[in-house]
>>> print(open('input-v1.cif').read())   # mmCIF, C-alpha atoms
data_coords
#
loop_
_atom_site.label_atom_id
_atom_site.label_comp_id
_atom_site.auth_asym_id
_atom_site.auth_seq_id
_atom_site.Cartn_x
_atom_site.Cartn_y
_atom_site.Cartn_z
CA ALA A 37 88.68 101.95 131.48
CA ALA A 38 89.85 103.30 128.16
CA THR A 39 93.52 104.22 127.86
CA GLN A 40 94.09 104.50 124.11
CA ILE A 41 92.59 104.76 120.66
CA ALA A 42 94.02 102.52 117.96
CA ILE A 43 93.49 102.58 114.21
CA THR A 44 92.65 98.92 113.77
CA THR A 45 91.83 98.96 110.05
CA GLN A 46 94.39 100.97 108.14
CA PRO A 47 93.48 103.02 105.07
CA SER A 48 94.52 101.54 101.74
CA SER A 49 96.67 103.25 99.12
CA VAL A 50 94.74 105.77 97.06
CA VAL A 51 95.48 108.78 94.87
CA ALA A 52 95.31 112.35 96.20
CA GLY A 53 91.73 113.43 96.77
CA ALA A 54 90.37 109.88 96.75
CA ASP A 55 88.33 108.91 99.78
CA ILE A 56 89.86 106.60 102.39
CA SER A 57 88.22 104.51 105.07
CA LEU A 58 89.51 103.34 108.43
CA VAL A 59 88.31 101.92 111.73
CA ALA A 60 89.44 103.22 115.13
CA THR A 61 88.77 101.41 118.39
CA ILE A 62 88.75 102.65 121.96
CA GLN A 63 90.90 100.24 123.95
CA ASP A 64 91.88 99.44 127.51
CA ALA A 65 95.47 99.05 128.71
CA PHE A 66 95.53 95.46 127.39
CA GLY A 67 94.41 96.33 123.85
CA ASN A 68 90.84 95.09 124.34
CA THR A 69 88.03 97.12 122.79
CA VAL A 70 86.00 98.94 125.45
CA THR A 71 82.43 98.04 124.45
CA THR A 72 80.37 99.36 127.38
CA GLY A 73 80.17 102.40 129.60
CA ALA A 74 80.78 106.06 128.92
CA ASP A 75 84.19 105.43 127.33
CA ALA A 76 82.63 103.22 124.63
CA ILE A 77 80.66 106.12 123.11
CA GLN A 78 83.28 108.87 123.12
CA THR A 79 83.99 110.96 120.04
CA VAL A 80 87.05 109.85 118.06
CA THR A 81 88.91 112.49 116.04
CA ILE A 82 91.45 111.59 113.35
CA THR A 83 94.30 114.02 112.66
CA ARG A 84 97.39 113.98 110.43
CA SER A 85 100.51 114.15 112.56
CA GLY A 86 103.22 113.25 110.08
CA GLY A 87 104.10 112.63 106.48
CA PRO A 88 103.96 114.96 103.48
CA VAL A 89 102.45 118.41 103.93
CA ALA A 90 98.78 117.95 103.07
CA THR A 91 95.36 118.68 104.47
CA LEU A 92 93.12 115.93 105.82
CA ASN A 93 89.60 116.72 104.62
CA GLY A 94 86.15 115.30 105.29
CA THR A 95 84.54 113.78 108.35
CA THR A 96 87.38 113.62 110.89
CA SER A 97 85.28 113.14 114.06
CA LYS A 98 82.77 110.40 114.82
CA ALA A 99 81.04 109.09 117.91
CA ALA A 100 82.09 105.54 118.70
CA VAL A 101 79.48 102.80 118.99
CA ALA A 102 80.47 100.04 121.41
CA GLY A 103 84.04 101.32 121.27
CA VAL A 104 84.31 101.38 117.47
CA ALA A 105 84.38 104.44 115.20
CA SER A 106 84.14 103.59 111.50
CA PHE A 107 85.14 106.22 108.97
CA ALA A 108 83.64 105.10 105.64
CA ALA A 109 84.99 106.16 102.25
CA THR A 110 81.61 107.76 101.55
CA GLU A 111 82.33 110.37 104.25
CA SER A 112 84.98 112.06 102.09
CA LEU A 113 87.99 111.54 104.37
CA ASP A 114 90.91 112.30 102.06
CA PHE A 115 94.32 113.95 101.68
CA THR A 116 94.86 116.89 99.33
CA LEU A 117 98.33 115.70 98.26
CA ALA A 118 99.62 112.31 97.17
CA GLY A 119 102.38 110.90 99.35
CA VAL A 120 103.63 107.99 101.41
CA ASN A 121 104.15 107.47 105.13
CA TYR A 122 101.30 109.65 106.36
CA THR A 123 100.80 109.31 110.12
CA LEU A 124 97.29 109.46 111.52
CA ASP A 125 96.41 109.91 115.18
#
>>> encode(input="input-v1.cif", output="C-alpha cells")
Amino acid sequence: AATQIAITTQPSSVVAGADISLVATIQDAFGNTVTTGADAIQTVTITRSGGPVATLNGTTSKAAVAGVASFAATESLDFTLAGVNYTLD
C-alpha cells in the first residue's frame, strides 16, 4: 500500500520563468515504488511549500502510471521568481 510520494528526480537550477522537470513516485513504507493496484494510478499534485515568495505555474497535477508521475519541462512547470531553496511537496 502507498504511504508516501517522493520527488525522485529533482528539478535542476534554472532562471525565473524557465520550465523545470521532475519525477515523483508513489512509494510504500519501505521506499519501493508502488507499480500496481489503485494506488499506482493516483493523481500526484506538486505544490510549493517553502522558499522565496513565488507562484508555481503550469501543469501541477498528473496521473501516475505504474506509480510514476513525470512532469516534463514542456508542460510549463515554472516559478515566477528566481530564488534558492524552494521546497516542493
>>> residues_around(input="input-v1.cif", residues="Ile62 of chain A", least_positions_apart="6", cutoff="10 Å", atoms="all atoms listed in the file", output="number ranges by chain")
A: 37-44, 68-71, 75-80, 100-105
>>> atom_distance(input="input-v1.cif", atom1="atom CA of Thr123 of chain A", atom2="atom CA of Gly86 of chain A")
4.6 Å
>>> resolve_selection(input="input-v1.cif", expression="the PyMOL selection byres ((chain A and resi 106) around 8)", output="VMD selection string")
chain A and resid 57 to 60 98 100 104 to 105 107 to 108
>>> write_last_selection(input="input-v1.cif", atoms="C-alpha atoms", output="compact mmCIF listing (two decimals), in the frame of the given file")
# COMPACT_ATOMS: atom_id res chain seq x y z
CA SER A 57 88.22 104.51 105.07
CA LEU A 58 89.51 103.34 108.43
CA VAL A 59 88.31 101.92 111.73
CA ALA A 60 89.44 103.22 115.13
CA LYS A 98 82.77 110.40 114.82
CA ALA A 100 82.09 105.54 118.70
CA VAL A 104 84.31 101.38 117.47
CA ALA A 105 84.38 104.44 115.20
CA PHE A 107 85.14 106.22 108.97
CA ALA A 108 83.64 105.10 105.64
>>> atom_distance(input="input-v1.cif", atom1="atom CA of Gly67 of chain A", atom2="atom CA of Ile82 of chain A")
18.8 Å
>>> residues_around(input="input-v1.cif", residues="Thr81 of chain A", least_positions_apart="6", cutoff="9 Å", atoms="all atoms listed in the file", output="NGL selection string")
:A and (95-99 or 125)
>>> write_last_selection(input="input-v1.cif", atoms="C-alpha atoms", output="tab-separated table (two decimals), keeping the file's coordinate frame")
chain	number	residue	atom	x	y	z
A	95	THR	CA	84.54	113.78	108.35
A	96	THR	CA	87.38	113.62	110.89
A	97	SER	CA	85.28	113.14	114.06
A	98	LYS	CA	82.77	110.40	114.82
A	99	ALA	CA	81.04	109.09	117.91
A	125	ASP	CA	96.41	109.91	115.18
>>> closest_residue(input="input-v1.cif", among="A:Gly94, A:Gly87, A:Ala109, A:Val51", to="Leu124 of chain A", atoms="all atoms listed in the file")
A:Gly87
>>> atom_distance(input="input-v1.cif", atom1="atom CA of Arg84 of chain A", atom2="atom CA of Ala54 of chain A")
15.9 Å
>>> closest_residue(input="input-v1.cif", among="A:Thr61, A:Thr72, A:Ser49, A:Asn93", to="Thr116 of chain A", atoms="only C-alpha atoms")
A:Asn93
